[in-house]
Structure formats: structure tokens, C-alpha cells
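Only one structure is covered here, and it is reproduced in the block below.
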Amino acid sequence: MLAAVDTSTVKRVSWTEGTALQTLHVGPYGKVGETYKRVVAEASEAGYQCVGIGHEVYLRDPRRVAPARLETIVRVTVKKTRKA
């Protein structure tokens, strides 16, 4: 049986994201930063600039899954860069 989780301080936030680049990170949360770096590099190579802050969507319960099997969607809002 899973322990109850206190969600009393959770807030629901909505925003309009626009164009975004996302990828699936598989592995421990402590390595998500490496995935952000790859997303930023990929955006730049494709002619986009990351704007605003990125966010994650957690797909697997860390209380039930080993860290190596955690799945997290990493999403970053982007805009097309101007060509000189």
C-alpha cells in the first residue's frame, strides 16, 4: 500500500505555451538537467531559441519504479530565430 501524499499545497497553473520542443527523459530525476542541455542544443541546431522556463511531466511513480526506469517529458517553449 502506498503512503498518502499531502497535496494541500499543490496549485493548478494554466498557461499558453505556443511552440515547444519536447523529449522523453528516461532515468533518474538528477540527470534531467543533461536532457535540458540536449533540448537547448537541438533547438539551436534547428533554428530555434528557448524562451521562458521549461517544465517536466512525470509519467511514472518514483515510489513504484526504480530511478533508472523513471520517465519524464521535458518540454521547453521555443521561438524561431531570425536569420541575418
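Residues in the C-alpha cells are numbered from 1 in each chain, the chains being A, B, ... in the order shown, and ligands are numbered from 1 in the order shown.
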request  = Identify, on the basis of only C-alpha atoms, every residue whose closest approach to range 63-71 of chain A does not exceed 7 Å; exclude the query and any residue fewer than 2 positions from it along the same chain; express the result as a ChimeraX atom specification.
outcome  = /A:24-28,58-61,73
message = Just want the 12 Å neighbourhood of Val40 in chain A, counted on only C-alpha atoms, with same-chain residues fewer than 4 positions away dropped. Output as a list in words.
response = Ala20, Leu21, Gln22, Thr23, Gly33, Glu34, Thr35, Tyr36, Ser44, Glu45, Ala46, Gly47, Tyr48, Gln49, Cys50, Val51, Ile53, Gly54, Val74, Arg75, Val76, Thr77, Val78 and Lys79 of chain A
task = Taking the chain letters and numbering used in this document, name the residues of chain A that DSSP puts in strand (DSSP E), as a ChimeraX atom specification.
result = /A:20-26,48-50,55-58,71-80
Distance of CA of His55 in chain A from CA of Thr72 in chain A, expressed in Å to one decimal place = 9.8 Å
Members of chain A assigned helix (DSSP H, G or I) by DSSP, as a PyMOL selection string = chain A and resi 29-45+67-69
key: From A:Thr81, A:Leu2, A:Trp15, A:Glu56, residue lying nearest Tyr29 in chain A [only C-alpha atoms]   =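 Of all the options, A:Glu56 lies closest to Tyr29 in chain A.
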task = Have a look at CA of Pro62 in chain A and CA of Asp6 in chain A and let me know their distance in Å, one decimal.
result =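 About the pair CA of Pro62 in chain A and CA of Asp6 in chain A: they are 15.5 Å apart.
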Distance of CA of Val57 in chain A from CA of Thr7 in chain A, expressed in Å to one decimal place =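 CA of Val57 in chain A lies 16.7 Å from CA of Thr7 in chain A.
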